[in-house]
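J.: Data file protein_35.txt (compact mmCIF, C-alpha atoms and all ligand atoms) is appended below.
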# COMPACT_ATOMS: atom_id res chain seq x y z
CA MET A 1 73.01 83.26 36.15
CA ASN A 2 71.46 84.44 39.38
CA LYS A 3 67.82 83.86 40.27
CA LEU A 4 66.58 87.27 39.15
CA SER A 5 68.17 87.13 35.72
CA LEU A 6 66.82 83.59 35.30
CA ILE A 7 63.28 84.87 35.95
CA LEU A 8 63.85 87.77 33.57
CA PHE A 9 65.16 85.40 30.92
CA PHE A 10 62.11 83.15 31.09
CA ASN A 11 59.72 86.08 31.06
CA LEU A 12 61.46 87.43 27.99
CA LEU A 13 61.28 84.01 26.34
CA ASN A 14 57.57 83.89 27.10
CA ILE A 15 56.97 87.26 25.52
CA VAL A 16 58.92 86.28 22.39
CA LEU A 17 57.05 82.98 22.10
CA SER A 18 53.62 84.53 22.61
CA PHE A 19 54.37 87.21 20.03
CA ASN A 20 53.68 84.76 17.21
CA ASN A 21 50.23 84.05 18.57
CA ILE A 22 49.28 87.60 19.29
CA ASN A 23 46.51 87.74 16.68
CA LYS A 24 45.48 84.14 17.02
CA ASN A 25 42.51 84.13 19.33
CA ARG A 26 40.32 81.08 19.43
CA PHE A 27 36.95 80.54 17.75
CA ALA A 28 34.61 81.80 20.47
CA THR A 29 36.63 84.97 21.02
CA ASN A 30 36.83 85.62 17.29
CA VAL A 31 33.11 85.36 16.64
CA VAL A 32 32.17 87.45 19.70
CA HIS A 33 34.60 90.30 19.02
CA GLY A 34 35.11 90.02 15.27
CA GLU A 35 37.62 92.58 14.11
CA PHE A 36 35.47 95.57 14.85
CA GLU A 37 37.17 98.41 16.67
CA SER A 38 34.87 100.63 18.67
CA ASP A 39 34.08 103.96 17.06
CA LYS A 40 36.77 106.48 18.04
CA LEU A 41 34.31 109.38 18.07
CA THR A 42 31.42 107.83 20.02
CA GLY A 43 32.84 104.69 21.61
CA ASN A 44 30.04 102.63 19.97
CA LEU A 45 30.89 98.98 20.63
CA ILE A 46 29.15 96.98 17.89
CA THR A 47 29.08 97.12 14.10
CA PRO A 48 26.52 99.77 13.11
CA ILE A 49 23.93 99.24 10.38
CA ILE A 50 25.02 101.62 7.62
CA LEU A 51 22.03 102.00 5.32
CA GLY A 52 23.51 104.59 2.95
CA THR A 53 23.54 103.48 -0.69
CA THR A 54 26.01 106.17 -1.76
CA PHE A 55 29.10 107.71 -0.17
CA THR A 56 30.39 111.27 -0.48
CA GLN A 57 33.53 111.33 -2.61
CA ILE A 58 36.48 113.50 -1.65
CA LEU A 59 37.26 114.46 -5.25
CA PRO A 60 35.87 112.86 -8.42
CA GLY A 61 36.94 109.21 -8.23
CA LEU A 62 38.69 109.66 -4.88
CA ARG A 63 36.75 107.42 -2.49
CA PRO A 64 36.45 107.71 1.26
CA GLY A 65 37.18 104.75 3.53
CA VAL A 66 40.16 103.28 1.68
CA ASP A 67 41.83 102.86 5.08
CA ASP A 68 38.75 101.22 6.65
CA PRO A 69 39.58 97.50 6.80
CA ASP A 70 35.89 96.74 6.13
CA SER A 71 36.21 98.31 2.66
CA HIS A 72 38.86 95.72 1.72
CA GLY A 73 41.08 98.53 0.47
CA SER A 74 38.79 99.84 -2.25
CA GLY A 75 36.95 102.51 -0.26
CA TYR A 76 33.23 103.19 -0.55
CA PHE A 77 31.18 104.80 -3.32
CA TYR A 78 28.03 102.69 -3.92
CA SER A 79 26.63 100.03 -1.58
CA ARG A 80 26.33 97.28 -4.20
CA MET A 81 30.13 97.36 -4.52
CA GLY A 82 30.92 97.66 -0.81
CA ASN A 83 29.27 98.53 2.48
CA PRO A 84 30.83 98.91 5.95
CA THR A 85 28.32 96.62 7.72
CA ARG A 86 28.82 93.93 5.08
CA GLY A 87 32.60 94.34 5.26
CA SER A 88 32.56 93.87 9.02
CA LEU A 89 30.59 90.62 8.64
CA GLU A 90 32.96 89.45 5.90
CA ARG A 91 36.03 89.98 8.05
CA THR A 92 34.47 88.26 11.04
CA LEU A 93 33.39 85.28 8.94
CA ALA A 94 36.88 84.98 7.44
CA LEU A 95 38.29 84.93 10.96
CA SER A 96 35.85 82.17 11.98
CA GLU A 97 36.78 80.06 8.94
CA ASN A 98 40.52 80.75 9.18
CA ALA A 99 40.32 82.20 5.66
CA ASN A 100 42.11 85.17 4.16
CA TYR A 101 39.08 86.45 2.26
CA SER A 102 35.32 86.33 2.41
CA ALA A 103 32.40 87.73 0.38
CA VAL A 104 28.79 87.55 1.56
CA PHE A 105 25.82 87.17 -0.79
CA SER A 106 22.06 87.62 -0.84
CA SER A 107 21.61 83.82 -0.54
CA GLY A 108 23.52 80.56 -0.51
CA MET A 109 22.38 80.00 -4.10
CA ALA A 110 23.74 83.43 -5.11
CA ALA A 111 27.14 82.38 -3.69
CA ILE A 112 26.96 79.03 -5.52
CA SER A 113 25.94 80.57 -8.85
CA THR A 114 28.72 83.18 -8.55
CA ILE A 115 31.33 80.41 -8.33
CA ILE A 116 29.84 78.78 -11.44
CA GLN A 117 29.96 82.20 -13.17
CA THR A 118 33.78 82.10 -12.91
CA LEU A 119 33.65 79.25 -15.50
CA LYS A 120 33.28 79.45 -19.27
CA TYR A 121 31.09 77.67 -21.81
CA ASP A 122 31.97 73.96 -22.00
CA ASP A 123 33.95 73.90 -18.74
CA HIS A 124 33.27 70.75 -16.73
CA VAL A 125 32.34 70.26 -13.06
CA ILE A 126 32.32 67.00 -11.11
CA ALA A 127 29.90 66.99 -8.20
CA MET A 128 28.52 64.54 -5.64
CA ASN A 129 25.34 62.77 -6.68
CA ASP A 130 23.35 63.65 -3.57
CA LEU A 131 23.80 67.41 -3.47
CA TYR A 132 21.43 69.91 -1.87
CA GLY A 133 18.29 69.94 -4.09
CA GLY A 134 18.63 73.64 -4.99
CA THR A 135 22.26 73.17 -6.04
CA SER A 136 21.58 70.19 -8.32
CA ASN A 137 18.58 72.02 -9.80
CA TYR A 138 20.74 75.08 -10.53
CA PHE A 139 23.55 72.97 -12.01
CA LYS A 140 21.35 70.87 -14.31
CA ASN A 141 18.46 73.14 -15.21
CA ILE A 142 20.15 76.53 -15.34
CA ALA A 143 23.96 76.37 -15.60
CA GLU A 144 23.95 73.45 -18.04
CA GLU A 145 20.81 74.50 -19.94
CA SER A 146 21.56 78.20 -20.32
CA ASN A 147 25.31 78.57 -19.82
CA GLY A 148 26.63 75.36 -21.39
CA ILE A 149 28.64 74.32 -18.31
CA LYS A 150 28.90 70.51 -18.16
CA PHE A 151 28.28 68.50 -15.00
CA THR A 152 28.99 64.91 -13.99
CA PHE A 153 27.39 63.61 -10.79
CA ILE A 154 29.18 60.73 -9.08
CA ASP A 155 29.39 58.77 -5.85
CA MET A 156 32.40 60.61 -4.41
CA SER A 157 33.17 57.96 -1.81
CA ASN A 158 35.01 56.05 -4.53
CA LEU A 159 38.09 58.11 -5.39
CA ASP A 160 38.90 55.90 -8.40
CA VAL A 161 35.56 56.86 -9.93
CA LEU A 162 36.41 60.51 -9.24
CA GLU A 163 39.82 60.27 -10.91
CA LYS A 164 38.37 58.46 -13.94
CA SER A 165 35.67 61.15 -14.32
CA ILE A 166 38.19 63.97 -14.72
CA LYS A 167 38.44 65.31 -18.28
CA SER A 168 40.73 67.85 -19.91
CA ASN A 169 38.05 70.56 -19.44
CA THR A 170 37.32 69.74 -15.76
CA LYS A 171 37.72 72.91 -13.71
CA LEU A 172 35.91 72.26 -10.43
CA ILE A 173 35.26 69.42 -8.01
CA TRP A 174 32.20 70.15 -5.89
CA LEU A 175 31.59 68.54 -2.48
CA GLU A 176 29.33 68.96 0.52
CA SER A 177 30.99 68.38 3.90
CA LEU A 178 27.94 66.41 5.04
CA THR A 179 25.32 65.70 2.38
CA ASN A 180 21.64 66.39 2.60
CA PRO A 181 19.67 64.40 3.69
CA LEU A 182 21.79 61.23 3.78
CA LEU A 183 24.67 62.80 5.77
CA LYS A 184 27.47 61.22 3.76
CA THR A 185 30.98 62.62 3.89
CA VAL A 186 34.22 62.16 1.97
CA ASP A 187 37.85 62.57 2.96
CA VAL A 188 38.37 66.18 1.89
CA LYS A 189 42.18 65.98 2.15
CA GLU A 190 42.26 62.98 -0.20
CA VAL A 191 39.95 64.67 -2.71
CA SER A 192 42.09 67.83 -2.57
CA LYS A 193 45.16 65.82 -3.60
CA ILE A 194 43.32 64.63 -6.72
CA ALA A 195 42.11 68.19 -7.45
CA GLN A 196 45.68 69.45 -7.19
CA LYS A 197 47.05 66.67 -9.39
CA TYR A 198 44.65 67.59 -12.22
CA ASN A 199 44.77 71.35 -11.68
CA CYS A 200 41.10 71.68 -10.66
CA LEU A 201 39.74 73.81 -7.85
CA LEU A 202 38.04 72.04 -4.95
CA VAL A 203 34.84 73.69 -3.68
CA VAL A 204 33.29 72.54 -0.39
CA ASP A 205 29.75 73.49 0.63
CA SER A 206 30.25 73.33 4.39
CA THR A 207 26.76 74.50 5.39
CA PHE A 208 25.97 71.41 7.53
CA THR A 209 29.23 71.63 9.50
CA SER A 210 29.52 75.45 9.83
CA PRO A 211 32.90 77.13 10.46
CA TYR A 212 32.76 75.84 14.04
CA LEU A 213 33.00 72.13 13.17
CA PHE A 214 35.12 72.16 10.03
CA ASN A 215 37.43 74.43 8.03
CA PRO A 216 37.74 73.02 4.50
CA LEU A 217 40.48 75.49 3.48
CA ASP A 218 42.74 74.03 6.17
CA ASN A 219 42.06 70.62 4.59
CA GLY A 220 43.13 71.48 1.06
CA ALA A 221 39.96 73.05 -0.39
CA ASP A 222 40.30 76.16 -2.58
CA LEU A 223 36.85 77.60 -1.93
CA VAL A 224 34.35 77.11 0.88
CA ILE A 225 30.74 78.20 0.71
CA HIS A 226 27.98 78.27 3.34
CA SER A 227 24.31 78.96 3.23
CA ALA A 228 24.53 81.48 6.10
CA THR A 229 20.74 81.16 6.23
CA LYS A 230 21.39 78.06 8.36
CA TYR A 231 23.86 77.71 11.27
CA ILE A 232 25.77 80.98 10.81
CA SER A 233 22.74 83.21 11.37
CA GLY A 234 20.88 80.50 13.25
CA HIS A 235 17.49 82.08 13.92
CA SER A 236 15.46 81.38 10.74
CA ASP A 237 15.22 85.07 9.93
CA ILE A 238 17.56 85.84 7.02
CA ILE A 239 18.58 84.35 3.67
CA MET A 240 22.32 84.71 3.04
CA GLY A 241 25.37 83.01 1.57
CA VAL A 242 29.14 83.33 1.87
CA ILE A 243 32.22 82.35 -0.16
CA MET A 244 35.63 82.17 1.51
CA CYS A 245 39.09 81.47 0.09
CA ASN A 246 42.80 82.21 0.59
CA ASP A 247 43.65 83.25 -2.95
CA LYS A 248 43.68 86.97 -3.76
CA LYS A 249 43.11 86.54 -7.51
CA LEU A 250 40.13 84.27 -6.87
CA ILE A 251 38.42 86.65 -4.44
CA LYS A 252 38.97 89.56 -6.86
CA LYS A 253 37.19 87.63 -9.59
CA ILE A 254 34.38 86.65 -7.21
CA ARG A 255 33.89 90.25 -6.01
CA PHE A 256 33.93 91.46 -9.63
CA ILE A 257 31.15 89.02 -10.56
CA GLN A 258 29.21 89.78 -7.39
CA GLY A 259 29.25 93.52 -8.08
CA GLY A 260 28.35 92.90 -11.72
CA ILE A 261 25.32 90.74 -11.03
CA GLY A 262 24.40 92.49 -7.78
CA ALA A 263 23.94 89.44 -5.55
CA VAL A 264 24.44 91.39 -2.30
CA PRO A 265 22.68 91.15 1.08
CA SER A 266 21.16 94.15 2.85
CA PRO A 267 23.07 95.89 5.68
CA PHE A 268 20.32 94.89 8.12
CA ASP A 269 20.68 91.21 7.18
CA CYS A 270 24.46 91.55 7.62
CA TYR A 271 23.88 92.91 11.11
CA LEU A 272 21.58 89.98 11.97
CA ALA A 273 24.18 87.51 10.66
CA LEU A 274 26.90 89.15 12.78
CA ARG A 275 24.62 88.91 15.79
CA GLY A 276 23.81 85.25 15.08
CA LEU A 277 27.46 84.35 14.49
CA LYS A 278 28.40 85.47 18.02
CA THR A 279 26.58 82.43 19.49
CA LEU A 280 27.32 79.85 16.78
CA HIS A 281 29.55 77.82 19.10
CA LEU A 282 27.00 77.82 21.93
CA ARG A 283 24.11 76.91 19.64
CA MET A 284 26.07 74.15 17.91
CA ASP A 285 27.28 72.67 21.22
CA ALA A 286 23.72 72.60 22.56
CA SER A 287 22.01 71.25 19.44
CA GLN A 288 24.72 68.64 18.92
CA LYS A 289 24.30 67.40 22.47
CA ASN A 290 20.53 67.17 21.94
CA ALA A 291 21.03 65.42 18.59
CA LEU A 292 23.16 62.63 20.04
CA GLN A 293 20.56 61.90 22.75
CA LEU A 294 17.73 62.05 20.25
CA ALA A 295 19.53 59.76 17.77
CA ASN A 296 20.11 57.19 20.53
CA PHE A 297 16.46 57.43 21.55
CA LEU A 298 15.24 56.97 17.96
CA GLU A 299 17.54 53.98 17.45
CA SER A 300 15.84 52.26 20.41
CA ARG A 301 12.29 52.64 19.04
CA ASN A 302 10.29 49.93 17.19
CA LEU A 303 8.72 52.33 14.72
CA VAL A 304 12.14 53.37 13.48
CA GLU A 305 13.76 51.30 10.74
CA LYS A 306 17.14 53.02 10.64
CA VAL A 307 18.79 56.15 12.04
CA ILE A 308 21.52 58.07 10.18
CA TYR A 309 23.52 60.33 12.48
CA PRO A 310 27.29 60.90 12.18
CA GLY A 311 27.70 60.72 15.96
CA LEU A 312 26.32 57.16 16.21
CA LYS A 313 28.61 54.11 16.22
CA SER A 314 26.24 52.56 13.65
CA TYR A 315 27.00 55.39 11.19
CA GLU A 316 28.98 54.05 8.24
CA GLN A 317 31.74 56.70 8.26
CA TYR A 318 31.97 57.16 12.04
CA GLU A 319 35.79 57.07 12.09
CA LEU A 320 36.19 59.60 9.25
CA VAL A 321 33.72 61.98 10.91
CA LYS A 322 35.67 61.71 14.17
CA THR A 323 38.97 62.67 12.56
CA GLN A 324 37.69 65.16 9.98
CA PHE A 325 35.19 67.24 11.99
CA ARG A 326 35.15 68.73 15.48
CA GLY A 327 31.71 67.21 16.05
CA PRO A 328 28.95 65.26 14.30
CA GLY A 329 26.56 68.22 13.87
CA SER A 330 22.87 68.35 14.67
CA ILE A 331 21.07 66.89 11.66
CA ILE A 332 19.53 63.42 11.98
CA SER A 333 17.81 61.45 9.24
CA PHE A 334 15.70 58.37 9.98
CA TYR A 335 13.49 55.89 8.15
CA ILE A 336 10.12 55.37 9.81
CA LYS A 337 8.30 52.03 9.43
CA GLY A 338 4.91 52.33 7.77
CA ASP A 339 2.95 53.80 4.91
CA GLN A 340 2.08 57.39 4.10
CA SER A 341 -0.78 57.45 6.63
CA VAL A 342 1.63 56.45 9.43
CA ILE A 343 4.06 59.17 8.36
CA ASN A 344 1.31 61.78 8.14
CA THR A 345 -0.14 60.92 11.57
CA PHE A 346 3.33 61.02 13.10
CA LEU A 347 4.14 64.43 11.63
CA LYS A 348 0.69 65.90 12.32
CA SER A 349 0.84 64.88 15.98
CA LEU A 350 4.11 66.67 16.73
CA LYS A 351 3.72 69.76 18.89
CA ILE A 352 7.25 71.14 19.29
CA PHE A 353 8.89 69.98 16.07
CA LYS A 354 7.61 72.05 13.15
CA LEU A 355 7.11 70.57 9.69
CA ALA A 356 9.32 72.87 7.62
CA VAL A 357 12.34 72.95 5.32
CA SER A 358 15.62 74.64 6.31
CA LEU A 359 17.89 73.76 9.23
CA GLY A 360 20.56 74.94 11.61
CA ALA A 361 18.43 77.29 13.70
CA VAL A 362 17.48 77.36 17.38
CA GLU A 363 14.15 75.59 16.85
CA SER A 364 13.74 71.90 15.95
CA LEU A 365 12.30 71.15 12.51
CA MET A 366 11.36 68.00 10.63
CA CYS A 367 10.91 67.50 6.94
CA VAL A 368 10.24 64.72 4.43
CA PRO A 369 12.99 65.32 1.84
CA ALA A 370 11.29 63.27 -0.93
CA LEU A 371 8.20 65.46 -0.79
CA MET A 372 9.78 68.75 0.30
CA THR A 373 13.47 69.64 -0.21
CA HIS A 374 14.12 67.03 -2.91
CA ALA A 375 10.74 67.04 -4.71
CA SER A 376 12.46 68.43 -7.85
CA VAL A 377 14.79 65.39 -8.05
CA PRO A 378 13.25 62.70 -10.34
CA LYS A 379 11.64 59.86 -8.32
CA GLU A 380 13.83 57.05 -9.75
CA ILE A 381 17.04 58.96 -8.94
CA ARG A 382 15.74 59.87 -5.49
CA GLU A 383 14.85 56.30 -4.62
CA SER A 384 18.03 54.83 -6.10
CA ILE A 385 20.12 56.83 -3.61
CA GLY A 386 17.82 56.16 -0.64
CA ILE A 387 15.61 59.25 -0.47
CA THR A 388 12.35 57.35 -0.10
CA ASN A 389 9.03 58.75 1.15
CA ASN A 390 9.57 57.27 4.63
CA LEU A 391 12.84 59.16 5.19
CA ILE A 392 12.46 61.98 7.71
CA ARG A 393 15.13 64.63 8.34
CA ILE A 394 15.38 66.39 11.69
CA SER A 395 17.22 69.63 12.33
CA VAL A 396 17.69 69.46 16.08
CA GLY A 397 17.37 72.76 17.93
CA ILE A 398 18.40 73.93 21.36
CA GLU A 399 15.17 73.23 23.26
CA ASP A 400 15.10 71.01 26.38
CA ILE A 401 15.94 67.50 25.18
CA ASN A 402 13.33 65.92 27.47
CA ASP A 403 10.58 67.92 25.77
CA LEU A 404 11.86 66.88 22.34
CA ILE A 405 11.89 63.20 23.31
CA ASP A 406 8.43 63.48 24.94
CA ASP A 407 7.08 65.10 21.78
CA ILE A 408 8.29 62.28 19.54
CA ASN A 409 7.07 59.69 22.03
CA GLN A 410 3.54 61.08 22.12
CA SER A 411 3.51 61.22 18.30
CA PHE A 412 4.58 57.58 18.09
CA ASN A 413 1.72 56.76 20.51
CA GLN A 414 -0.76 58.50 18.18
CA VAL A 415 0.51 56.26 15.37
CA PHE A 416 0.06 53.12 17.52
CA LYS A 417 -3.48 54.24 18.41
CA GLN A 418 -4.35 54.75 14.74
CA GLU A 419 -2.93 51.36 13.76
CA LEU A 420 -4.80 49.58 16.60
CA ASN A 421 -8.06 51.13 15.42
CA LYS A 422 -7.60 49.43 12.07
CA PHE A 423 -8.16 46.04 13.68
C1 LIG B 1 20.17 75.85 2.16
C2 LIG B 1 21.34 75.32 1.45
C3 LIG B 1 21.84 75.94 0.29
C4 LIG B 1 21.17 77.14 -0.34
O1 LIG B 1 21.22 78.26 0.45
P1 LIG B 1 20.11 79.44 0.44
O2 LIG B 1 20.58 80.35 1.50
O3 LIG B 1 18.79 78.81 0.70
O4 LIG B 1 20.15 80.06 -0.92
C5 LIG B 1 22.98 75.40 -0.29
N1 LIG B 1 23.60 74.32 0.22
C6 LIG B 1 23.14 73.70 1.32
C7 LIG B 1 23.87 72.50 1.84
C8 LIG B 1 22.01 74.17 1.98
O5 LIG B 1 21.55 73.53 3.06
Go through the file and emit its structure as structure tokens.
T.:
Amino acid sequence: MNKLSLILFFNLLNIVLSFNNINKNRFATNVVHGEFESDKLTGNLITPIILGTTFTQILPGLRPGVDDPDSHGSGYFYSRMGNPTRGSLERTLALSENANYSAVFSSGMAAISTIIQTLKYDDHVIAMNDLYGGTSNYFKNIAEESNGIKFTFIDMSNLDVLEKSIKSNTKLIWLESLTNPLLKTVDVKEVSKIAQKYNCLLVVDSTFTSPYLFNPLDNGADLVIHSATKYISGHSDIIMGVIMCNDKKLIKKIRFIQGGIGAVPSPFDCYLALRGLKTLHLRMDASQKNALQLANFLESRNLVEKVIYPGLKSYEQYELVKTQFRGPGSIISFYIKGDQSVINTFLKSLKIFKLAVSLGAVESLMCVPALMTHASVPKEIRESIGITNNLIRISVGIEDINDLIDDINQSFNQVFKQELNKF
């Protein structure tokens, strides 16, 4: 072979090799561009907000938009059943999660309850014992009370306990990628093997990790849900949920239930979520960097009894977090030393951190889970798993880290002042 044909050969090889990857852009490119193609007529670049509730039919029953990828092949006729703005968000989210299918909902709880609606009376679910407060409330006080679905709550870190809890009517295993507020995790791949062995579906609520840090479907899960209210939208301005999966039959059932019960988000909220999603990677990188510095700072302070942060060497499952996730996230929990008056003075003195529930947005928030997010969990259960009144959860935002540290420092000083005055 002469030199020219050698060059041609390698160029050809390159083209053939890159062909496989042609649609495989990376995360940041996927969330910025989604799968939206600019409008052929106007050249409009971003997903428009389509407010129409009804769509003109071509002939009775013959729907427009069957070819629009955002209609998922069923065309448009009534916005509860399908909307172009919602479809665009669904396809972009699926791309970010490396999922085949996605359906967005009017809240995270609407997504969660839709999955439970796929079950029948007397079906059994095994879930972690420190789930998000709203999820455990829905499971116990609504799904079990009204729908007769049975739940067993266990410490999932022991896989023997999990295997022994499986019954002939067990249909789902329910996990959170990182739990709230104690930030525990389990080996999702190992749990998925057990789910497969017993023919159960594995559901992972991946809200705390977001599609940027973890993709449960790639780790053996059958369904992944997010409260898109948190990291995905990221600006504390919409309530939304999403379910993603790879199985066509499963998504059909989920869409059927969603249309039937009407748990759909507005087109405007879908637009805001698409807009938020474009910067998920930047926001998560920034808040995670802040969180690690803040966790180290807290660990060095006398008023702090213990810090729980998956990026700290002192964190119990540090090695698992390192292999399972692309980063430790930006939620920190810590136990403060002192009684309720110490806690109240500390929280009241903060100027940048706001005392509020929710998480995963640009601004830093603190909350006391025992009195706020987990107030509906009975006190004995709460305390037995470590959610005591002196546990504070921080959702770290993207502010300047020096201001965040200064703010906590000056609040600690207010506490010292108050305690000195007692003498
Ligand atoms: C917030 C949250 C939910 C519920 O989502 P909403 O959007 O508030 O309905 C479910 N799971 C987790 C882990 C959450 O943080």
J.: Write out as JSON lines a residue-level contact list of chain A versus ligand LIG 1 (chain B) with cut-off 7 Å: for each qualifying residue the closest pair of atoms and the distance in Å to one decimal, counting all atoms listed in the file, rows sorted by chain and residue number upward.
T.:
{"residue": "A:Ser107", "atom": "CA", "partner": "B:LIG1", "partner_atom": "O4", "distance": 4.1}
{"residue": "A:Gly108", "atom": "CA", "partner": "B:LIG1", "partner_atom": "O1", "distance": 3.4}
{"residue": "A:Met109", "atom": "CA", "partner": "B:LIG1", "partner_atom": "O4", "distance": 3.9}
{"residue": "A:Ala110", "atom": "CA", "partner": "B:LIG1", "partner_atom": "O4", "distance": 6.5}
{"residue": "A:Tyr132", "atom": "CA", "partner": "B:LIG1", "partner_atom": "C7", "distance": 5.1}
{"residue": "A:Gly134", "atom": "CA", "partner": "B:LIG1", "partner_atom": "C4", "distance": 6.4}
{"residue": "A:Thr135", "atom": "CA", "partner": "B:LIG1", "partner_atom": "C5", "distance": 6.2}
{"residue": "A:Glu176", "atom": "CA", "partner": "B:LIG1", "partner_atom": "C7", "distance": 6.6}
{"residue": "A:Thr179", "atom": "CA", "partner": "B:LIG1", "partner_atom": "C7", "distance": 7.0}
{"residue": "A:Asn180", "atom": "CA", "partner": "B:LIG1", "partner_atom": "C7", "distance": 6.5}
{"residue": "A:Asp205", "atom": "CA", "partner": "B:LIG1", "partner_atom": "C7", "distance": 6.1}
{"residue": "A:Ser206", "atom": "CA", "partner": "B:LIG1", "partner_atom": "C7", "distance": 6.9}
{"residue": "A:Thr207", "atom": "CA", "partner": "B:LIG1", "partner_atom": "C7", "distance": 5.0}
{"residue": "A:Phe208", "atom": "CA", "partner": "B:LIG1", "partner_atom": "C7", "distance": 6.2}
{"residue": "A:His226", "atom": "CA", "partner": "B:LIG1", "partner_atom": "N1", "distance": 6.7}
{"residue": "A:Ser227", "atom": "CA", "partner": "B:LIG1", "partner_atom": "O1", "distance": 4.2}
{"residue": "A:Ala228", "atom": "CA", "partner": "B:LIG1", "partner_atom": "O2", "distance": 6.2}
{"residue": "A:Thr229", "atom": "CA", "partner": "B:LIG1", "partner_atom": "O2", "distance": 4.8}
{"residue": "A:Lys230", "atom": "CA", "partner": "B:LIG1", "partner_atom": "C1", "distance": 6.7}
{"residue": "A:Ile239", "atom": "CA", "partner": "B:LIG1", "partner_atom": "O2", "distance": 5.0}
{"residue": "A:Met240", "atom": "CA", "partner": "B:LIG1", "partner_atom": "O2", "distance": 4.9}
{"residue": "A:Gly241", "atom": "CA", "partner": "B:LIG1", "partner_atom": "O2", "distance": 5.5}
{"residue": "A:Ser358", "atom": "CA", "partner": "B:LIG1", "partner_atom": "C1", "distance": 6.3}
J.: Identify, on the basis of all atoms listed in the file, every residue whose closest approach to region 327-331 of chain A does not exceed 6 Å; exclude the query and any residue fewer than 5 positions from it along the same chain; express the result as number ranges by chain.
T.: A: 213, 287-288, 291, 310-311, 394-396
J.: What is the distance between CA of Met128 (chain A) and CA of Ile385 (chain A), in Å to one decimal?
T.: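 Going from CA of Met128 (chain A) over to CA of Ile385 (chain A) covers 11.6 Å.
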J.: I'd like the neighbourhood of Ile352 (chain A) as a ChimeraX atom specification, where a residue qualifies if any of its atoms comes within 9 Å (using only C-alpha atoms), though same-chain residues fewer than 4 positions away should be ignored.
T.: /A:363-365,403-404,407-408
J.: Counting all atoms listed in the file, figure out which residue out of A:Arg86, A:His124, A:Lys337, A:Lys313 gets nearest to Pro48 (chain A).
T.: A:Arg86
J.: Could you tell me how far CA of Val377 (chain A) sits from CA of Val357 (chain A), in Å to one decimal place?
T.: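 Answer for the CA of Val357 (chain A) to CA of Val377 (chain A) separation: 15.6 Å.
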J.: What lies within 10 Å of His374 (chain A) using all atoms listed in the file, ignoring chain neighbours under 6 positions off, as a ChimeraX atom specification?
T.: /A:130-134,136-137,180-181,368,382,387
J.: Would you mind reading off the distance between CA of Asn44 (chain A) and CA of Thr92 (chain A), one decimal, in Å?
T.: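 Here the two named atoms are 17.5 Å from each other.
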J.: Would you mind listing what lies within 10 Å of Thr54 (chain A) as a list in words, with all atoms listed in the file counted and same-chain residues fewer than 2 positions away left out?
T.: Leu51, Gly52, Thr56, Gln57, Tyr76, Phe77, Tyr78, Ser79, Arg80, Gly82 and Asn83 of chain A
J.: Point out the residue among A:Asp222, A:Asp70, A:Glu90, A:Glu35 with the least atom-to-atom distance to Ile115 (chain A), counting all atoms listed in the file.
T.: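 Checking each candidate against Ile115 (chain A), we get A:Asp222 as the closest.
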J.: Please return, as a PyMOL selection string, all polymer residues that have at least one atom within 12 Å of the point (30.1, 96.0, 19.2); use all atoms listed in the file and the file's own coordinate frame.
T.: chain A and resi 31-39+42-49+85+88-89+271+274-275+278
J.: Would you please work out which residue, of A:Ser314, A:Gln293, A:Asn246, A:Ser411, is nearest to Asn344 (chain A) when using only C-alpha atoms?
T.: A:Ser411
J.: Determine, counting all atoms listed in the file, which protein, DNA and RNA residues have an atom within 10 Å of an atom of Ala370 (chain A); residues of the same chain fewer than 2 positions away are not included. Present the result as a count of residues only.
T.: 20
